[in-house]
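Novice: Have a peek at work19.txt (compact mmCIF, C-alpha atoms and all ligand atoms).
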```
# COMPACT_ATOMS: atom_id res chain seq x y z
CA MET T 1 -3.42 -9.79 13.41
CA ASP T 2 -0.44 -9.18 11.17
CA ILE T 3 0.29 -10.80 7.82
CA ILE T 4 2.26 -13.66 9.30
CA GLY T 5 -0.47 -14.32 11.84
CA LEU T 6 -3.06 -14.39 9.12
CA PHE T 7 -0.93 -16.69 7.04
CA ALA T 8 -0.64 -19.06 9.99
CA ALA T 9 -4.39 -18.84 10.53
CA ALA T 10 -5.02 -19.65 6.88
CA MET T 11 -2.73 -22.67 7.18
CA ALA T 12 -4.50 -23.81 10.32
CA ALA T 13 -7.83 -23.45 8.57
CA GLY T 14 -6.66 -26.03 6.06
CA ALA T 15 -6.01 -23.58 3.27
CA ALA T 16 -2.37 -24.63 3.02
CA THR T 17 -2.58 -26.00 -0.48
CA ILE T 18 -0.24 -24.34 -2.96
CA ALA T 19 -3.13 -22.27 -4.32
CA GLY T 20 -4.37 -21.42 -0.84
CA ALA T 21 -0.99 -20.09 0.20
CA HIS T 22 -1.11 -17.64 -2.68
CA ALA T 23 -3.89 -15.79 -0.85
CA MET T 24 -1.23 -14.22 1.37
CA VAL T 25 1.87 -14.02 -0.86
CA PRO T 26 2.10 -10.35 -1.81
CA TRP T 27 3.65 -10.76 -5.27
CA SER T 28 1.72 -13.87 -6.37
CA GLN T 29 -0.28 -13.36 -9.57
CA VAL T 30 -2.36 -16.52 -9.04
CA TYR T 31 -5.49 -14.71 -7.82
CA GLY T 32 -5.35 -12.05 -10.48
CA GLU T 33 -2.86 -9.66 -11.99
CA ASN T 34 -1.42 -7.06 -9.66
CA PHE T 35 1.37 -4.51 -9.83
CA ASN T 36 4.22 -4.89 -7.33
CA GLY T 37 7.17 -3.20 -9.04
CA ILE T 38 9.27 -3.24 -12.19
CA GLU T 39 12.24 -5.36 -13.26
CA ASP T 40 14.80 -6.40 -10.65
CA GLY T 41 17.82 -4.14 -10.48
CA ALA T 42 16.12 -0.94 -11.65
CA LYS T 43 17.52 1.97 -9.64
CA VAL T 44 14.10 3.09 -8.55
CA LEU T 45 11.88 2.39 -5.53
CA ALA T 46 8.25 3.21 -4.74
CA LEU T 47 7.58 3.79 -1.05
CA THR T 48 4.00 3.01 -0.01
CA TYR T 49 2.28 3.76 3.30
CA ASP T 50 -0.83 1.92 4.49
CA ASP T 51 -3.53 2.41 7.13
CA GLY T 52 -3.63 6.21 7.35
CA PRO T 53 -4.62 8.95 7.69
CA ASN T 54 -3.10 8.80 11.16
CA ASP T 55 -2.68 11.74 13.50
CA PRO T 56 0.06 12.93 13.99
CA TRP T 57 2.29 10.49 12.10
CA THR T 58 1.03 11.05 8.57
CA MET T 59 1.84 14.76 8.81
CA LYS T 60 5.28 14.04 10.33
CA LEU T 61 5.97 11.68 7.45
CA LEU T 62 4.95 14.36 4.94
CA GLU T 63 7.63 16.63 6.44
CA VAL T 64 10.31 13.96 5.94
CA LEU T 65 9.21 13.24 2.36
CA ALA T 66 9.17 16.97 1.59
CA LYS T 67 12.65 17.41 3.04
CA HIS T 68 13.96 14.79 0.59
CA GLU T 69 11.66 15.95 -2.25
CA VAL T 70 10.29 12.42 -2.57
CA SER T 71 6.76 11.52 -3.66
CA ALA T 72 5.19 8.36 -2.25
CA THR T 73 1.88 6.48 -2.37
CA PHE T 74 -0.60 6.25 0.51
CA PHE T 75 -3.20 3.46 0.73
CA MET T 76 -5.85 4.91 2.98
CA VAL T 77 -8.52 3.34 5.17
CA GLY T 78 -11.94 4.79 4.32
CA GLU T 79 -13.19 5.28 7.86
CA TYR T 80 -10.02 7.15 8.84
CA VAL T 81 -10.36 9.38 5.76
CA GLN T 82 -13.90 10.20 6.87
CA GLU T 83 -12.62 10.96 10.37
CA ARG T 84 -9.68 13.12 9.27
CA PRO T 85 -10.31 14.33 5.69
CA GLU T 86 -7.94 17.27 6.15
CA ILE T 87 -4.97 14.88 6.52
CA ALA T 88 -5.94 13.04 3.32
CA ARG T 89 -6.21 16.42 1.61
CA ALA T 90 -2.75 17.45 2.84
CA VAL T 91 -1.26 14.23 1.43
CA PHE T 92 -2.94 14.87 -1.92
CA GLN T 93 -1.93 18.53 -2.03
CA ALA T 94 1.69 17.59 -1.32
CA GLY T 95 1.66 15.67 -4.61
CA HIS T 96 1.58 12.10 -3.32
CA ALA T 97 -0.56 9.37 -4.89
CA ILE T 98 -3.51 8.02 -2.89
CA GLY T 99 -4.95 4.52 -3.15
CA ASN T 100 -7.95 2.68 -1.69
CA HIS T 101 -7.24 0.28 1.22
CA GLY T 102 -10.81 -0.71 2.09
CA PHE T 103 -13.22 1.06 4.41
CA SER T 104 -12.97 -0.93 7.65
CA HIS T 105 -9.69 -2.78 7.04
CA ARG T 106 -11.50 -6.11 7.30
CA ASN T 107 -9.93 -9.20 5.75
CA LEU T 108 -11.55 -9.35 2.32
CA ILE T 109 -10.95 -13.09 1.95
CA PHE T 110 -14.13 -13.36 4.01
CA ALA T 111 -16.12 -10.69 2.14
CA ASN T 112 -18.60 -11.66 -0.57
CA ASP T 113 -18.70 -9.63 -3.79
CA THR T 114 -21.42 -7.28 -2.52
CA GLU T 115 -19.55 -6.55 0.71
CA LEU T 116 -16.32 -6.13 -1.21
CA ARG T 117 -17.90 -3.60 -3.58
CA GLN T 118 -19.29 -1.68 -0.60
CA GLU T 119 -15.87 -1.55 1.10
CA LEU T 120 -14.24 -0.24 -2.09
CA GLU T 121 -16.96 2.21 -3.11
CA ASP T 122 -17.33 3.76 0.37
CA THR T 123 -13.55 4.29 0.54
CA SER T 124 -13.31 5.79 -2.94
CA LYS T 125 -16.14 8.16 -2.07
CA ALA T 126 -14.45 9.24 1.19
CA ILE T 127 -11.19 9.89 -0.69
CA GLU T 128 -12.96 11.79 -3.47
CA ASP T 129 -14.89 13.86 -0.91
CA ALA T 130 -11.61 14.76 0.82
CA THR T 131 -9.37 15.36 -2.19
CA GLY T 132 -11.67 15.91 -5.17
CA LYS T 133 -10.20 12.89 -6.93
CA PRO T 134 -11.29 9.23 -6.79
CA PRO T 135 -8.43 6.73 -6.40
CA PHE T 136 -7.66 4.17 -9.11
CA LEU T 137 -5.24 2.04 -7.10
CA PHE T 138 -6.37 -0.58 -4.59
CA ARG T 139 -4.39 -2.59 -2.05
CA PRO T 140 -6.26 -5.23 -0.02
CA PRO T 141 -5.96 -5.06 3.79
CA PHE T 142 -3.33 -7.59 4.98
CA GLY T 143 -2.56 -8.17 1.29
CA ALA T 144 -5.27 -10.85 1.50
CA ARG T 145 -7.40 -11.85 -1.46
CA ARG T 146 -9.36 -14.81 -2.72
CA PRO T 147 -10.12 -15.90 -6.28
CA GLY T 148 -12.38 -13.19 -7.67
CA THR T 149 -11.27 -10.34 -5.38
CA PHE T 150 -9.22 -8.56 -8.04
CA LYS T 151 -11.95 -9.18 -10.64
CA VAL T 152 -14.31 -7.01 -8.58
CA VAL T 153 -11.52 -4.44 -8.13
CA ARG T 154 -11.15 -4.24 -11.91
CA GLN T 155 -14.90 -4.05 -12.46
CA LEU T 156 -14.78 -0.92 -10.30
CA ARG T 157 -12.06 0.39 -12.64
CA MET T 158 -9.32 0.11 -10.07
CA PHE T 159 -5.93 -1.56 -10.30
CA PRO T 160 -4.63 -3.99 -7.63
CA VAL T 161 -1.27 -3.03 -6.14
CA MET T 162 0.82 -5.28 -3.89
CA TRP T 163 4.52 -5.04 -2.94
CA ARG T 164 7.80 -6.98 -2.94
CA VAL T 165 9.61 -5.51 0.08
CA THR T 166 8.01 -6.03 3.51
CA CYS T 167 9.55 -3.92 6.28
CA TYR T 168 7.52 -5.38 9.19
CA ASP T 169 7.26 -1.87 10.59
CA TRP T 170 3.88 -2.62 12.23
CA SER T 171 5.70 -4.56 14.96
CA ALA T 172 9.26 -3.17 14.78
CA LYS T 173 10.83 -2.06 18.06
CA SER T 174 13.27 0.36 16.39
CA HIS T 175 13.82 2.14 13.09
CA GLU T 176 17.01 0.07 12.66
CA LYS T 177 14.96 -3.15 12.57
CA ILE T 178 12.83 -1.68 9.78
CA LEU T 179 15.93 -0.69 7.81
CA LYS T 180 17.43 -4.15 8.25
CA HIS T 181 14.36 -5.77 6.68
CA ALA T 182 14.43 -3.25 3.83
CA ARG T 183 18.16 -3.69 3.09
CA ARG T 184 17.84 -7.49 3.10
CA GLN T 185 15.11 -7.44 0.43
CA ILE T 186 15.82 -4.48 -1.84
CA VAL T 187 17.47 -5.34 -5.15
CA GLY T 188 15.90 -2.38 -7.01
CA GLY T 189 12.61 -1.91 -8.85
CA GLU T 190 10.37 -2.76 -5.90
CA ILE T 191 7.29 -1.39 -4.25
CA VAL T 192 8.13 -1.12 -0.54
CA LEU T 193 5.45 -1.70 2.12
CA LEU T 194 5.43 0.66 5.12
CA HIS T 195 2.70 2.06 7.40
CA ASP T 196 1.85 5.62 8.39
CA GLY T 197 -1.11 4.29 10.36
CA GLY T 198 -2.36 1.25 12.24
CA HIS T 199 -5.65 -0.48 11.50
CA HIS T 200 -6.54 -0.96 15.17
CA ARG T 201 -6.86 2.71 16.00
CA MET T 202 -6.13 6.28 15.03
CA GLY T 203 -2.95 7.55 16.71
CA GLU T 204 -0.93 4.32 16.42
CA ASP T 205 2.73 5.24 17.01
CA ARG T 206 4.63 5.26 13.72
CA SER T 207 7.71 7.16 14.90
CA HIS T 208 10.00 4.25 13.90
CA THR T 209 8.58 4.25 10.38
CA VAL T 210 9.06 8.01 10.02
CA LYS T 211 12.69 7.77 11.20
CA ALA T 212 13.33 4.69 9.01
CA THR T 213 11.93 6.55 5.99
CA ASP T 214 14.36 9.43 6.57
CA GLU T 215 17.33 7.04 6.73
CA LEU T 216 16.18 4.80 3.89
CA ILE T 217 15.80 7.68 1.45
CA ARG T 218 19.16 9.18 2.41
CA GLU T 219 20.93 5.81 2.14
CA TYR T 220 19.41 4.73 -1.19
CA LYS T 221 19.76 8.14 -2.81
CA GLU T 222 23.47 7.89 -2.01
CA LYS T 223 23.47 4.53 -3.81
CA GLY T 224 22.01 6.21 -6.90
CA TYR T 225 18.36 5.25 -6.46
CA ARG T 226 15.45 7.54 -7.11
CA PHE T 227 12.01 7.37 -5.55
CA THR T 228 8.71 7.54 -7.34
CA THR T 229 4.98 6.99 -6.89
CA VAL T 230 3.20 3.78 -7.87
CA PRO T 231 1.36 5.42 -10.83
CA GLU T 232 4.68 6.80 -12.12
CA MET T 233 6.30 3.38 -11.73
CA MET T 234 3.43 1.77 -13.63
CA LYS T 235 4.16 4.07 -16.56
CA MET T 236 7.68 2.57 -16.72
CA CYS T 237 6.22 -0.89 -17.23
CA PRO T 238 4.70 -1.39 -20.71
CA GLU T 239 3.43 -4.89 -19.78
CA VAL T 240 0.98 -3.45 -17.24
CA ARG T 241 -2.39 -3.97 -18.82
CA MET T 242 -4.79 -1.36 -17.60
CA PRO T 243 -8.52 -2.05 -17.69
CA ASP T 244 -10.24 -0.24 -20.57
CA GLY T 245 -10.40 3.49 -20.25
CA LEU T 246 -8.53 3.56 -16.95
CA PRO T 247 -6.14 6.48 -16.58
CA ARG T 248 -2.53 5.33 -16.39
CA ALA T 249 -1.59 7.87 -13.78
CA THR T 250 -3.21 9.99 -11.16
ZN ZN A 301 -3.42 -2.26 6.10
```
As structure tokens, how would this structure be written, given the file I've shared?
Ligand SMILES: [Zn+2]

Specialist:
Amino acid sequence: MDIIGLFAAAMAAGAATIAGAHAMVPWSQVYGENFNGIEDGAKVLALTYDDGPNDPWTMKLLEVLAKHEVSATFFMVGEYVQERPEIARAVFQAGHAIGNHGFSHRNLIFANDTELRQELEDTSKAIEDATGKPPFLFRPPFGARRPGTFKVVRQLRMFPVMWRVTCYDWSAKSHEKILKHARRQIVGGEIVLLHDGGHHRMGEDRSHTVKATDELIREYKEKGYRFTTVPEMMKMCPEVRMPDGLPRAT
């Protein structure tokens, strides 16, 4: 189920109060502070890719990012990292930032604190085993969280990251459709949500996303934008309050 589907399901389940709706609004701060970008109009964008590692699309994406000399941020699914640690390692070695996206990509609205901790810890361990470095960024699957979700994330010394530009690439029929969504929402300063993988299975076709990335970078560089990782963008934002002792960048 995609984000819209989940949102509809949450409404149907009677969660459609104002507070309930915040469970699925990416940039809402109601269920805990999260980072989703810097001030509007800044000539900088942070591209993020969820649901990998994914063979062969993650590696194809790395080629495109390298061609443009752009660093991005990858929110990885723990079980896929365990399955293909060498892809996670290649992402890390290419200088991109890696975040935790849960182990099984289950909707964490329905996970109790113990299950939530397990999802996060197992994923961090898989990423550390593959790259030598534990992640300090976390993005919930489907962007879904309940009151208390981000509290647990912070207790585990991780920082919640959401986004402000949704490209709907998980269901796009062409790279042009993805670009259209991006152009409509970008005003500058945003974290952009894209996918190098798919949470249903390894091998999900992300050719449209790879092509859209190539075009998006070319187009926005021409407009004077630069691209950065989420940790680098966080450094530009003095209001970001990091939990005690947490490194500000990876
Ligand atoms: Zn996801």

Novice: Distance cut-off 6 Å, centre (-7.7, -11.2, 5.0) in file coordinates, counting all atoms listed in the file: which residues qualify? Return them as a ChimeraX atom specification.

Specialist: /T:107-109,142,144

Novice: Name each residue within 7 Å of ligand ZN 301 (chain A), counting only C-alpha atoms and all ligand atoms, as a CSV table (one decimal) with C-alpha atoms, in the coordinates of the input.

Specialist:
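Once everything was written out, this is out.csv:
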```
chain,number,residue,atom,x,y,z
T,50,ASP,CA,-0.8,1.9,4.5
T,51,ASP,CA,-3.5,2.4,7.1
T,101,HIS,CA,-7.2,0.3,1.2
T,105,HIS,CA,-9.7,-2.8,7.0
T,141,PRO,CA,-6.0,-5.1,3.8
T,142,PHE,CA,-3.3,-7.6,5.0
T,199,HIS,CA,-5.6,-0.5,11.5
```

Novice: What is the atom CA of Asn34 of chain T to atom CA of Trp163 of chain T distance in Å?

Specialist: 9.2 Å

Novice: Excluding Glu79 of chain T and any residue of its chain fewer than 2 positions from it, enumerate the residues within 8 Å of it, using only C-alpha atoms, and give them as a compact mmCIF listing (two decimals) with C-alpha atoms, keeping the file's coordinate frame.

Specialist:
```txt
# COMPACT_ATOMS: atom_id res chain seq x y z
CA VAL T 77 -8.52 3.34 5.17
CA VAL T 81 -10.36 9.38 5.76
CA GLN T 82 -13.90 10.20 6.87
CA GLU T 83 -12.62 10.96 10.37
CA PHE T 103 -13.22 1.06 4.41
CA SER T 104 -12.97 -0.93 7.65
CA THR T 123 -13.55 4.29 0.54
CA ALA T 126 -14.45 9.24 1.19
```

Novice: Would you work out the distance separating atom CA of Gly41 of chain T from atom CA of Gly224 of chain T, expressed in Å to one decimal?

Specialist: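 If I compute the distance from atom CA of Gly41 of chain T to atom CA of Gly224 of chain T, I get 11.7 Å.
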
Novice: Which of these, T:Val210, T:Ile38, T:Met162, T:Ala88, has the shortest distance to Trp57 of chain T once you count all atoms listed in the file?

Specialist: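 Going through T:Val210, T:Ile38, T:Met162, T:Ala88 one by one, the smallest distance to Trp57 of chain T is for T:Val210.
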
Novice: Given the choices T:Asp169, T:Glu219, T:Glu69, T:Asp40, which gets closest to Ile191 of chain T if the distance is worked out from all atoms listed in the file?

Specialist: T:Asp40

Novice: For a test of reading the model, state the distance in Å between atom CA of Met202 of chain T and atom CA of Met76 of chain T, rounded to one decimal.

Specialist: 12.1 Å

Novice: Would you mind telling me which residue in T:Lys133, T:His181, T:Arg201, T:Arg145 lies nearest to Leu216 of chain T when using only C-alpha atoms?

Specialist: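 Checking each of T:Lys133, T:His181, T:Arg201, T:Arg145 against Leu216 of chain T, counting only C-alpha atoms, the winner is T:His181.
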
Novice: Using all atoms listed in the file, pick whichever of T:Ala111, T:Tyr168, T:Leu65, T:Asp196 has the shortest atom-to-atom distance to Tyr80 of chain T.

Specialist: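 The answer is T:Asp196, which sits nearest to Tyr80 of chain T.
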
Novice: Write out as a PDB file with C-alpha atoms, in the coordinates of the input the residues lying within 12 Å of His175 of chain T, counting only C-alpha atoms and excluding same-chain residues fewer than 6 positions away.

Specialist:
```
ATOM      1  CA  CYS T 167       9.550  -3.920   6.280  1.00  0.00           C
ATOM      2  CA  TYR T 168       7.520  -5.380   9.190  1.00  0.00           C
ATOM      3  CA  ASP T 169       7.260  -1.870  10.590  1.00  0.00           C
ATOM      4  CA  HIS T 181      14.360  -5.770   6.680  1.00  0.00           C
ATOM      5  CA  ALA T 182      14.430  -3.250   3.830  1.00  0.00           C
ATOM      6  CA  LEU T 194       5.430   0.660   5.120  1.00  0.00           C
ATOM      7  CA  ARG T 206       4.630   5.260  13.720  1.00  0.00           C
ATOM      8  CA  SER T 207       7.710   7.160  14.900  1.00  0.00           C
ATOM      9  CA  HIS T 208      10.000   4.250  13.900  1.00  0.00           C
ATOM     10  CA  THR T 209       8.580   4.250  10.380  1.00  0.00           C
ATOM     11  CA  VAL T 210       9.060   8.010  10.020  1.00  0.00           C
ATOM     12  CA  LYS T 211      12.690   7.770  11.200  1.00  0.00           C
ATOM     13  CA  ALA T 212      13.330   4.690   9.010  1.00  0.00           C
ATOM     14  CA  THR T 213      11.930   6.550   5.990  1.00  0.00           C
ATOM     15  CA  ASP T 214      14.360   9.430   6.570  1.00  0.00           C
ATOM     16  CA  GLU T 215      17.330   7.040   6.730  1.00  0.00           C
ATOM     17  CA  LEU T 216      16.180   4.800   3.890  1.00  0.00           C
TER      18      LEU T 216
END
```

Novice: Using all atoms listed in the file, pick whichever of T:Gly78, T:Gly143, T:Gly148, T:Gly197 has the shortest atom-to-atom distance to Asp129 of chain T.

Specialist: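 Of the candidates, the smallest distance to Asp129 of chain T is held by T:Gly78.
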
Novice: My list of candidates is T:Ala130, T:Val44, T:Leu120, T:Leu61. Which is closest to Met158 of chain T when distances are computed with only C-alpha atoms?

Specialist: T:Leu120

Novice: Tell me, counting all atoms listed in the file, for each residue of segment 80-120 of chain T within 12 Å of segment 46-49 of chain T, which pair of atoms is nearest and how far apart they are in Å to one decimal, in rows ordered by chain and increasing number, as a tab-separated table.

Specialist:
```
residue	atom	partner	partner_atom	distance
T:Val91	CA	T:Tyr49	CA	11.2
T:His96	CA	T:Thr48	CA	10.0
T:Ala97	CA	T:Thr48	CA	9.2
T:Ile98	CA	T:Thr48	CA	9.5
T:Gly99	CA	T:Thr48	CA	9.6
T:Asn100	CA	T:Tyr49	CA	11.4
T:His101	CA	T:Tyr49	CA	10.3
```

Novice: Go ahead and find all residues with at least one atom no further than 7 Å from (8.7, -6.7, 0.4) in the file's coordinates, using all atoms listed in the file; report them as a PDB file with C-alpha atoms, in the coordinates of the input.

Specialist:
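Written file, part-v8.pdb:
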```pdb
ATOM      1  CA  TRP T 163       4.520  -5.040  -2.940  1.00  0.00           C
ATOM      2  CA  ARG T 164       7.800  -6.980  -2.940  1.00  0.00           C
ATOM      3  CA  VAL T 165       9.610  -5.510   0.080  1.00  0.00           C
ATOM      4  CA  THR T 166       8.010  -6.030   3.510  1.00  0.00           C
ATOM      5  CA  CYS T 167       9.550  -3.920   6.280  1.00  0.00           C
ATOM      6  CA  GLN T 185      15.110  -7.440   0.430  1.00  0.00           C
ATOM      7  CA  VAL T 192       8.130  -1.120  -0.540  1.00  0.00           C
ATOM      8  CA  LEU T 193       5.450  -1.700   2.120  1.00  0.00           C
TER       9      LEU T 193
END
```

Novice: Where's the centre, and what are the edge lengths in Å to one decimal, of a box along x, y and z enclosing all listed atoms of segment 159-177 of chain T padded 5 Å per side, as AutoDock Vina command-line options?

Specialist:
```
--center_x 5.5 --center_y -2.4 --center_z 3.9 --size_x 32.9 --size_y 19.1 --size_z 38.4
```
